[in-house]
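One structure is given here, and the rest of the page talks about it.
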Number of protein chains: 2
Amino acid sequence: MTSTDQTPTRRRRSDSTKAAILDAARERFIAEGYEGATIRAIAADAHIDPAMVMRYFGSKEKLFALAASYDLRLPDFTAIPRDELGESIVRHLLGLWESDRTLVALLRTAVSSEEAAAARMREIWAEQVLAGLGRLFGEDTARAEKRAGLVVTQLLGIVLCRYVLRLPPVAALEPEEFVAWMGPTVQRYLTAEEP
Amino acid sequence: MTSTDQTPTRRRRSDSTKAAILDAARERFIAEGYEGATIRAIAADAHIDPAMVMRYFGSKEKLFALAASYDLRLPDFTAIPRDELGESIVRHLLGLWESDRTLVALLRTAVSSEEAAAARMREIWAEQVLAGLGRLFGEDTARAEKRAGLVVTQLLGIVLCRYVLRLPPVAALEPEEFVAWMGPTVQRYLTAEEP
DNA sequence: ACCCCGGGTCAACGGCTGTTGACGTAGGAT
DNA sequence: ATCCTACGTCAACAGCCGTTGACCCGGGGT
């Protein structure tokens with residue numbers, strides 16, 4: 001019971017190092033995916049020894065789990081006029097992705113068949129997207145699932161083509177162009193009758 | 001000038017081995033991506049020595065280039081009624097992807113930041129999709145590029161969610177459901193006026 | 001003053017990778 | 001029957017990787 005233990009969230013000297021490692025890890029995972037990003041490279045970026053990464057995070061997988069935690073911060077859809085849902089969602093997410101590329105890291109890793117990352121990806125879209133959209137459809141969860149699935153194909157298609165593959169015509173679009181084009185698509189997937 | 005040289009395409013004894021290697025390579029690349037698929041594993045699948053892979057294909061990259069060569073076999077769009085373009089394209093590609101997962105291998109590799117594969121991916125969509133759609137827009141290549149880009153976000157989004165991430169609601173859809181839902185989307189991206 | 005402990009470094013391990021060159025060996029042409 | 005060529009194997013290389021344990025140092029508690 002020393003004085004340093006008075007508060008369990010006492011700032012430690014190592015906190016800044018930990019943060020530096022996490023920052024470097026995010027960048028590397030984004031740029032090179034899970035397998036491509038090496039602990040040695042991450043440690044070099046953070047100007048410390050690779051062994052420190054292991055000391056603080058235990059393993060590469062645990063480091064990734066912390067670096068790739070992700071919150072879509074979806075708004076409350078029930079507060080949005082029903083006929084503006086599509087535009088709102090596209091605008092919100094595009095704004096998020098333009099400044100925060102964590103989702104790109106997650107996608108890269110999920111696609112290179114790291115099963116843990118693929119499962120995490122499914123979690124995000126199940127828990128956050130489905131949970132967010134669920135309210136819109138009341139009891140009809142089957143319908144909510146299908147509609148959420150349709151929406152996700154368009155949204156992840158954007159992430160893939162714009163941020164990962166960097167297809168020139170897609171990378172050149174202005175954010176508001178996505179809103180104008182994909183907003184109606186998302187709107188239709190959410191609110192149209194079954195075809 | 002022996003009798004075996006009478007024809008330059010003479011079948012060699014090694015042809016079946018080469019084919020076995022290519023088959024195994026395709027499967028491994030599809031299942032595990034470029035970096036995840038090892039030459040040793042591919043060779044084991046083909047029941048031969050890893051050195052044979054090098055002898056016949058020179059390097060892992062060249063093997064991948066051959067295994068991942070891909071032809072979308074797009075139909076002639078000018079022969080399709082203009083208001084059925086979206087449905088035709090979606091139906092055609094979905095039929096292709098349901099039976100041939102080569103594109104999935106390519107996507108996996110492109111996403112795990114193997115620059116050669118990403119470039120090949122851009123080539124496919126530039127040369128095949130753009131070339132196919134180009135005729136529809138006459139001289140207006142800028143417009144053709146943008147429209148092709150929009151279409152690709154939806155189509156690759158399907159590939160990603162259904163075959164790579166295997167999001168349950170998307171994997172559960174029937175092919176004709178994609179046609180019914182995404183057909184109009186593609187149709188709009190191709191033929192709608194600028195928003 | 002001493003001691004102790006957390007932050008940090010260093011070298012090494014075992015395992016995996018793509019790639020190589022030397023070494024057999026079977027099978028068709030002569 | 002012989003010879004040559006193409007098919008195939010084997011062992012090893014050099015270079016990465018994640019991970020580990022021994023070691024060093026400096027600053028705060030007693």
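Residues are named by chain letter and number: chains run A, B, ... in the order of the structure tokens, numbers start at 1 in each chain, and ligands are numbered from 1 in the order shown.
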
request  = Write down, as number ranges by chain, each residue of chain A that has any atom within 12 Å of an atom of chain C, counting only C-alpha atoms (C1' of nucleotides).
outcome  = A: 12-18, 47-53, 55-56

Residues of the last selection are to be written out with N, CA, C and O atoms, as a PDB file, in the first residue's frame.
```pdb
ATOM      1  N   ARG A  12       1.561   6.051 -15.424  1.00  0.00           N
ATOM      2  CA  ARG A  12       2.882   5.457 -15.342  1.00  0.00           C
ATOM      3  C   ARG A  12       3.799   6.103 -16.367  1.00  0.00           C
ATOM      4  O   ARG A  12       3.346   6.653 -17.359  1.00  0.00           O
ATOM      5  N   ARG A  13       5.106   5.970 -16.121  1.00  0.00           N
ATOM      6  CA  ARG A  13       6.079   6.526 -17.056  1.00  0.00           C
ATOM      7  C   ARG A  13       5.950   5.877 -18.431  1.00  0.00           C
ATOM      8  O   ARG A  13       6.275   6.464 -19.448  1.00  0.00           O
ATOM      9  N   SER A  14       5.484   4.620 -18.448  1.00  0.00           N
ATOM     10  CA  SER A  14       5.485   3.866 -19.707  1.00  0.00           C
ATOM     11  C   SER A  14       4.287   4.202 -20.590  1.00  0.00           C
ATOM     12  O   SER A  14       4.220   3.768 -21.729  1.00  0.00           O
ATOM     13  N   ASP A  15       3.359   4.997 -20.053  1.00  0.00           N
ATOM     14  CA  ASP A  15       2.143   5.252 -20.827  1.00  0.00           C
ATOM     15  C   ASP A  15       2.440   5.874 -22.184  1.00  0.00           C
ATOM     16  O   ASP A  15       1.827   5.508 -23.189  1.00  0.00           O
ATOM     17  N   SER A  16       3.378   6.796 -22.222  1.00  0.00           N
ATOM     18  CA  SER A  16       3.659   7.461 -23.498  1.00  0.00           C
ATOM     19  C   SER A  16       4.262   6.467 -24.486  1.00  0.00           C
ATOM     20  O   SER A  16       3.979   6.520 -25.685  1.00  0.00           O
ATOM     21  N   THR A  17       5.091   5.577 -23.992  1.00  0.00           N
ATOM     22  CA  THR A  17       5.657   4.550 -24.869  1.00  0.00           C
ATOM     23  C   THR A  17       4.564   3.643 -25.413  1.00  0.00           C
ATOM     24  O   THR A  17       4.510   3.359 -26.612  1.00  0.00           O
ATOM     25  N   LYS A  18       3.689   3.221 -24.516  1.00  0.00           N
ATOM     26  CA  LYS A  18       2.570   2.390 -24.951  1.00  0.00           C
ATOM     27  C   LYS A  18       1.776   3.083 -26.048  1.00  0.00           C
ATOM     28  O   LYS A  18       1.427   2.487 -27.070  1.00  0.00           O
ATOM     29  N   HIS A  47      10.570   3.921 -31.978  1.00  0.00           N
ATOM     30  CA  HIS A  47      11.921   4.147 -31.427  1.00  0.00           C
ATOM     31  C   HIS A  47      12.170   3.379 -30.146  1.00  0.00           C
ATOM     32  O   HIS A  47      12.750   3.910 -29.197  1.00  0.00           O
ATOM     33  N   ILE A  48      11.734   2.135 -30.133  1.00  0.00           N
ATOM     34  CA  ILE A  48      12.029   1.281 -28.973  1.00  0.00           C
ATOM     35  C   ILE A  48      12.361  -0.133 -29.463  1.00  0.00           C
ATOM     36  O   ILE A  48      12.352  -0.411 -30.658  1.00  0.00           O
ATOM     37  N   ASP A  49      12.646  -1.000 -28.524  1.00  0.00           N
ATOM     38  CA  ASP A  49      13.039  -2.362 -28.858  1.00  0.00           C
ATOM     39  C   ASP A  49      11.801  -3.231 -29.073  1.00  0.00           C
ATOM     40  O   ASP A  49      10.790  -3.075 -28.374  1.00  0.00           O
ATOM     41  N   PRO A  50      11.878  -4.165 -30.027  1.00  0.00           N
ATOM     42  CA  PRO A  50      10.734  -5.067 -30.262  1.00  0.00           C
ATOM     43  C   PRO A  50      10.281  -5.787 -28.991  1.00  0.00           C
ATOM     44  O   PRO A  50       9.085  -6.084 -28.849  1.00  0.00           O
ATOM     45  N   ALA A  51      11.210  -6.035 -28.108  1.00  0.00           N
ATOM     46  CA  ALA A  51      10.845  -6.763 -26.892  1.00  0.00           C
ATOM     47  C   ALA A  51       9.840  -5.984 -26.049  1.00  0.00           C
ATOM     48  O   ALA A  51       9.032  -6.571 -25.328  1.00  0.00           O
ATOM     49  N   MET A  52       9.883  -4.647 -26.142  1.00  0.00           N
ATOM     50  CA  MET A  52       8.936  -3.846 -25.375  1.00  0.00           C
ATOM     51  C   MET A  52       7.502  -4.104 -25.815  1.00  0.00           C
ATOM     52  O   MET A  52       6.567  -4.094 -24.998  1.00  0.00           O
ATOM     53  N   VAL A  53       7.332  -4.304 -27.108  1.00  0.00           N
ATOM     54  CA  VAL A  53       5.989  -4.584 -27.612  1.00  0.00           C
ATOM     55  C   VAL A  53       5.443  -5.832 -26.936  1.00  0.00           C
ATOM     56  O   VAL A  53       4.286  -5.871 -26.500  1.00  0.00           O
ATOM     57  N   ARG A  55       6.434  -7.089 -24.097  1.00  0.00           N
ATOM     58  CA  ARG A  55       6.259  -6.858 -22.662  1.00  0.00           C
ATOM     59  C   ARG A  55       4.918  -6.175 -22.386  1.00  0.00           C
ATOM     60  O   ARG A  55       4.209  -6.526 -21.453  1.00  0.00           O
ATOM     61  N   TYR A  56       4.590  -5.190 -23.218  1.00  0.00           N
ATOM     62  CA  TYR A  56       3.399  -4.401 -22.925  1.00  0.00           C
ATOM     63  C   TYR A  56       2.108  -5.013 -23.460  1.00  0.00           C
ATOM     64  O   TYR A  56       1.041  -4.804 -22.903  1.00  0.00           O
TER      65      TYR A  56
END
```

request  = Please identify which residues in region 125-158 of chain B DSSP calls alpha helix (DSSP H) from the backbone, and express them as a ChimeraX atom specification.
outcome  = /B:131-134,141-158

So that I have them on file, write out the residues from the current selection with C-alpha atoms, as a PDB file, in the first residue's frame.
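Contents of the output file result.pdb:
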```
ATOM      1  CA  ALA B 131     -13.524  -0.972 -72.247  1.00  0.00           C
ATOM      2  CA  GLY B 132     -16.854  -2.747 -72.134  1.00  0.00           C
ATOM      3  CA  LEU B 133     -18.760   0.241 -70.836  1.00  0.00           C
ATOM      4  CA  GLY B 134     -16.861   2.727 -72.925  1.00  0.00           C
ATOM      5  CA  THR B 141     -14.714   8.979 -71.537  1.00  0.00           C
ATOM      6  CA  ALA B 142     -14.696  11.022 -68.327  1.00  0.00           C
ATOM      7  CA  ARG B 143     -18.319  10.153 -67.779  1.00  0.00           C
ATOM      8  CA  ALA B 144     -17.686   6.511 -68.668  1.00  0.00           C
ATOM      9  CA  GLU B 145     -14.892   6.325 -66.112  1.00  0.00           C
ATOM     10  CA  LYS B 146     -16.973   7.788 -63.342  1.00  0.00           C
ATOM     11  CA  ARG B 147     -19.950   5.558 -64.059  1.00  0.00           C
ATOM     12  CA  ALA B 148     -17.766   2.465 -64.271  1.00  0.00           C
ATOM     13  CA  GLY B 149     -16.216   3.418 -60.944  1.00  0.00           C
ATOM     14  CA  LEU B 150     -19.609   3.716 -59.284  1.00  0.00           C
ATOM     15  CA  VAL B 151     -20.672   0.344 -60.635  1.00  0.00           C
ATOM     16  CA  VAL B 152     -17.501  -1.285 -59.418  1.00  0.00           C
ATOM     17  CA  THR B 153     -18.034  -0.150 -55.828  1.00  0.00           C
ATOM     18  CA  GLN B 154     -21.303  -2.076 -55.744  1.00  0.00           C
ATOM     19  CA  LEU B 155     -20.020  -5.154 -57.561  1.00  0.00           C
ATOM     20  CA  LEU B 156     -16.808  -5.541 -55.597  1.00  0.00           C
ATOM     21  CA  GLY B 157     -18.786  -4.875 -52.450  1.00  0.00           C
ATOM     22  CA  ILE B 158     -20.765  -8.003 -53.244  1.00  0.00           C
TER      23      ILE B 158
END
```

remark   = Shortest contact to chain D, candidates A:Ala20, A:Met54, A:Ala126, A:Ala43, atoms counted only C-alpha atoms (C1' of nucleotides), goes to A:Met54

ask   = Quick one: which residues from chain D are at most 12 Å off chain A, using only C-alpha atoms (C1' of nucleotides), as a VMD selection string?
value = chain D and resid 16 to 21 27 to 30

message = Just to confirm, what's the straight-line distance from CA of Ser99 (chain A) to CA of Arg120 (chain A) in Å (one decimal)?
response =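 Distance reported for this atom pair: 21.3 Å.
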
task = Work out how far apart CA of Glu139 (chain B) and CA of Ile80 (chain B) are and give it in Å to one decimal.
result = 19.5 Å

request  = Write out as a VMD selection string each polymer residue whose atoms come within 12 Å of Leu96 (chain A), counting only C-alpha atoms (C1' of nucleotides); drop sequence neighbours fewer than 5 positions from it.
outcome  = chain A and resid 70 to 74 89 to 91 101 to 104 159 175

remark   = Residue with the minimum atom-to-atom distance to chain B, picked from A:Phe57, A:Phe77, A:Phe64, A:Trp181 with only C-alpha atoms counted, is A:Trp181

query = Which is closest to chain B among A:Lys62, A:Ser88, A:Pro81, A:Gly33, if we use only C-alpha atoms?
reply =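 Checking each candidate against chain B, we get A:Gly33 as the closest.
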
task = Rank nothing, just name the residue among B:Pro75, B:Pro169, B:Pro184, B:Gly86 nearest to chain A, using only C-alpha atoms.
result =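 Answer, going by the shortest atom-to-atom distance: B:Pro169.
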
message = What's around Thr109 (chain B) at 10 Å? Count only C-alpha atoms (C1' of nucleotides), leave out sequence neighbours fewer than 6 positions away in its own chain, and write the answer as a PyMOL selection string.
response = (chain A and resi 108+111-112) or (chain B and resi 29-30+32-36+64+68+103+115-118+121)

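Closest to chain B among A:Glu87, A:Glu123, A:Glu98, A:Asp140 is A:Glu123, based on only C-alpha atoms.
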
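Among the candidates A:Leu22, A:Leu94, A:Ala65, A:Ala37, the one nearest to chain B when counting only C-alpha atoms is A:Ala37.
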